[in-house]
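Q: The structure follows.
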Amino acid sequence: MQFNLSSIDRDLLCSVKAIAKLVRDAGGRALMVGGAVRDLMRGAKVKDVDLEVFGVAPEKLKEALSGHFEFDACGLSFGVLKIKHFDIDVALPRRETKRGIGHKGFMIDSDPSLSVEEAAIRRDFTINAMYYDPLSGVFEDPYGGRDDLDNGVLRHISPKFAEDPLRVLRGAQFIARFNLSPAEETVALCRTIPIEDLPCERLFQEWSKLLLKGVMISKGLEFLRETGWVKYFPELQKLIGCEQAPEWHPEGDVWNHTLLSLDAYAARRTGDEREDLIVGFAVLCHDFGKPSTSRFDPSANRIRSLGHDEAGIEPTLSFLKRLTNEERLLRDVPALVQCHMQPFSLWRNKSGDGAIRRLAARVGRIDRLIRVARADSEGCLLGDEKKAEGAAALEWLEAAAARLSVAAAVPKPILMGRDLIRMGYKPCVEFGKYLRVCYEAQLDGKFSDIDGALAFFRKHFGGEENEC
């Protein structure tokens, strides 16, 4: 079977073929495997390549590549060489035997004499266990990955799948990225797999791929629900069955709304991974406060979730802290959750510039908040009239933020401590009070340049002692 290799960068492909020739000359065979083969079949761009080398011992492989490629040999004890300057991993076939709990509880035994079928059995899904010879064009598919990919099915290879619990989360992000449906037997097996002691960095990596690469994020989360793995993320589990007012949320409970909102977010990702991740996590967490605040209001004859934006801060932090200690995310995501209703309330109240500047100071970037609010709005299956209202509110805020130059930045304080020192004030504890008052006045639009700031300061504090 010949593949169209045009989706691989030319230099990367040349290097892959060169390595394959060196391995062939050493008496072995180097086959592309995993995501590169899967993506070739999908016609997607291939950015990195895994090569599995059969028939060559570790030291002989190292000798064959030396003088032709620079590589990191630190993984050679596990049968892996990382080629420098190219995204290529060269690995030997290996057996993995579970000896303990967790992702480190494996005994790895490299064995170049393994057959393709024997080597592939340690892999996770059939779509990741297809092999392609870059020299001969021979395609090997020992577990039916091509048919599963053609039929949109995610299927595990063998019972050994259960030895690494992270594969359940990998399954969720593959389903979301490639719009797959899980095989019934894979769902059944995943229900028996405990999360064990997966480290937060591995969990974070899979959640990030789900949010940054998922096309149908909803399907990935539904997989976690079907397998029972949602119980390991209780903030999410509580959304299931949390009722909402049908006139505002005809799509159903908070779980359904969150899934629709995430798909709306995925359709509008910008490609800036830093920003997309912040916004993606905020959309995921934006209604975490509803389970604790949703009540039936007899006077309004409907369910209300008063204060759910503020109540969402604590569960958002609880969820994120089990995944990461990254200060930026722990700061920016809860702020967006807390303020996700503000674009609509400011629009309804015809709020002025000061309120918009204050909002920018709270969330860091108004453009992020607009993205979260838009996904929230598009996650509601409302009629055209209510949709138009939501769109109008966001257009109004977007235009105002651009006019005030706060769309992508917090308003910077005009008056700084160094300005007070130049006026003859000695640094003291009162500086903080002076600067806070002046910054609030700046946000209210009482001045817009340093001359106005100094005039404001002299008017309100000029009579105070300039010594602490």
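Residue numbers start at 1 in each chain; chains themselves are named A, B, ... in the order of the structure tokens; ligands are numbered from 1 in the order shown.
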Give me, as number ranges by chain, all polymer residues having an atom no more than 9 Å from Ser15 (chain A), counting only C-alpha atoms and skipping those fewer than 5 positions away in the same chain.
A: A: 10, 20, 69, 86, 88
Q: Mind writing the picked residues with C-alpha atoms as a PDB file, in the first residue's frame?
A:
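Result file is again-v3.pdb:
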```
ATOM      1  CA  ARG A  10      10.479  17.214   3.240  1.00  0.00           C
ATOM      2  CA  ALA A  20      15.643   3.440   7.437  1.00  0.00           C
ATOM      3  CA  PHE A  69      22.801  11.685  13.023  1.00  0.00           C
ATOM      4  CA  PHE A  86      14.368  16.352  14.037  1.00  0.00           C
ATOM      5  CA  ILE A  88      12.111  11.507  15.315  1.00  0.00           C
TER       6      ILE A  88
END
```
Q: Looking only at the backbone, which of the residues in region 136-339 of chain A does DSSP tag as strand (DSSP E or B), as a ChimeraX atom specification?
A: /A:139-140,153-154,156,181-182,295-297,302-304
Q: Which residues are near Gly452 (chain A)? Cut-off 10 Å, only C-alpha atoms, ignore same chain within fewer than 5 positions. Put them as a VMD selection string.
A: chain A and resid 414 to 415 442 446 to 447 457 to 458
Q: For region 164-170 of chain A, please output as a list in words all residues within 7 Å (counting only C-alpha atoms; exclusion window: fewer than 5 positions along the same chain).
A: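 Within the cut-off, the hits are His103, Asp124, Cys190, Ile193, Pro194, Ile195 and Glu206 of chain A.
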Q: Would you mind exporting N, CA and C atoms of the selected residues as an mmCIF file, in the first residue's frame?
A:
```
data_model
loop_
_atom_site.group_PDB
_atom_site.id
_atom_site.type_symbol
_atom_site.label_atom_id
_atom_site.label_comp_id
_atom_site.auth_asym_id
_atom_site.auth_seq_id
_atom_site.Cartn_x
_atom_site.Cartn_y
_atom_site.Cartn_z
ATOM 1 N N HIS A 103 2.214 4.396 36.723
ATOM 2 C CA HIS A 103 2.842 4.405 35.402
ATOM 3 C C HIS A 103 4.302 3.985 35.433
ATOM 4 N N ASP A 124 -1.693 0.968 22.615
ATOM 5 C CA ASP A 124 -2.995 1.188 23.239
ATOM 6 C C ASP A 124 -4.169 0.851 22.323
ATOM 7 N N CYS A 190 -12.614 -0.161 30.225
ATOM 8 C CA CYS A 190 -12.240 1.067 30.921
ATOM 9 C C CYS A 190 -12.992 1.229 32.242
ATOM 10 N N ILE A 193 -10.965 -0.081 35.144
ATOM 11 C CA ILE A 193 -9.608 0.449 35.358
ATOM 12 C C ILE A 193 -9.647 1.592 36.374
ATOM 13 N N PRO A 194 -8.949 1.468 37.502
ATOM 14 C CA PRO A 194 -8.870 2.578 38.467
ATOM 15 C C PRO A 194 -7.834 3.600 38.030
ATOM 16 N N ILE A 195 -7.941 4.805 38.540
ATOM 17 C CA ILE A 195 -7.022 5.875 38.136
ATOM 18 C C ILE A 195 -5.640 5.687 38.738
ATOM 19 N N GLU A 206 -2.955 15.225 29.100
ATOM 20 C CA GLU A 206 -4.089 14.686 28.346
ATOM 21 C C GLU A 206 -5.261 15.669 28.317
#
```
Q: Sort by chain and increasing residue number a table of all residues of region 289-401 of chain A within 7 Å of region 225-241 of chain A, each with its closest pair of atoms and their distance in Å to one decimal, counting only C-alpha atoms, and write it as a Markdown table.
A:
```
| residue | atom | partner | partner_atom | distance |
| --- | --- | --- | --- | --- |
| A:Pro291 | CA | A:Lys238 | CA | 6.3 |
| A:Pro315 | CA | A:Glu235 | CA | 6.2 |
| A:Phe319 | CA | A:Glu235 | CA | 6.7 |
```
Q: Would you save the residues from that selection as a PDB file, in the first residue's frame, using N, CA and C atoms?
A:
```pdb
ATOM      1  N   PRO A 291     -24.123  23.565  40.649  1.00  0.00           N
ATOM      2  CA  PRO A 291     -24.658  22.521  41.533  1.00  0.00           C
ATOM      3  C   PRO A 291     -24.902  22.995  42.966  1.00  0.00           C
ATOM      4  N   PRO A 315     -14.557  25.449  43.304  1.00  0.00           N
ATOM      5  CA  PRO A 315     -14.410  24.170  42.594  1.00  0.00           C
ATOM      6  C   PRO A 315     -13.483  24.246  41.385  1.00  0.00           C
ATOM      7  N   PHE A 319     -10.351  21.721  41.021  1.00  0.00           N
ATOM      8  CA  PHE A 319     -10.131  20.916  39.818  1.00  0.00           C
ATOM      9  C   PHE A 319      -8.747  21.163  39.232  1.00  0.00           C
TER      10      PHE A 319
END
```
Q: Please identify the alpha helix (DSSP H) residues within region 49-93 of chain A (assignment by DSSP from backbone atoms) and present them as a list in words.
A: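 Taking region 49-93 of chain A and keeping alpha helix (DSSP H) only, one gets Pro58, Glu59, Lys60, Leu61, Lys62, Glu63, Ala64 and Leu65 of chain A.
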Q: Restricting the calculation to only C-alpha atoms: of A:Val337, A:Glu70, A:Glu184, A:Pro159, which residue gets closest to Lys84 (chain A)?
A: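 Closest to Lys84 (chain A), using only C-alpha atoms: A:Glu70.
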Q: Show me, as number ranges by chain, the residues that have an atom within 12 Å of Gly43 (chain A) when counting only C-alpha atoms, minus same-chain residues fewer than 2 positions from it.
A: A: 3-8, 35-41, 45-46
Q: Counting only C-alpha atoms, what is within 9 Å of Glu378 (chain A), bar same-chain residues fewer than 6 positions away, as a PyMOL selection string?
A: chain A and resi 260-261+264-265+387+390
Q: Record the distance separating CA of His156 (chain A) and CA of Arg94 (chain A), expressed in Å with one decimal.
A: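 About the pair CA of His156 (chain A) and CA of Arg94 (chain A): they are 18.3 Å apart.
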Q: Let me make sure I understand: among A:Arg358, A:Ile370, A:Val23, A:Pro250, which one has the smallest atom-to-atom distance to Val283 (chain A) if we use only C-alpha atoms?
A: A:Ile370
Q: Which residue out of A:Ala162, A:Leu149, A:Val363, A:Leu262 has the minimum interatomic distance to Met216 (chain A) when only C-alpha atoms are used?
A: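 Going through A:Ala162, A:Leu149, A:Val363, A:Leu262 one by one, the smallest distance to Met216 (chain A) is for A:Leu262.
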Q: Counting only C-alpha atoms, what is within 12 Å of Leu61 (chain A), bar same-chain residues fewer than 2 positions away, as a PyMOL selection string?
A: chain A and resi 19-30+52-59+63-66+68-69+71+73+76+79-81+90-92+112
Q: Taking only C-alpha atoms into account, which of A:Asp367, A:Asp353, A:Asp309, A:Asp297 comes nearest Met341 (chain A)?
A: A:Asp309
Q: Name the closest residue to Asp376 (chain A) among the candidates A:Arg304, A:His85, A:Arg295, A:His340; distances are taken between atoms, counting only C-alpha atoms.
A: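 When distances to Asp376 (chain A) are compared using only C-alpha atoms, the smallest one comes from A:His340.
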Q: Taking only C-alpha atoms into account, name the residue in A:Asp141, A:Asp197, A:Asp109, A:Asp50 that is nearest to Ile157 (chain A).
A: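 Comparing A:Asp141, A:Asp197, A:Asp109, A:Asp50 against Ile157 (chain A), the winner is A:Asp141.
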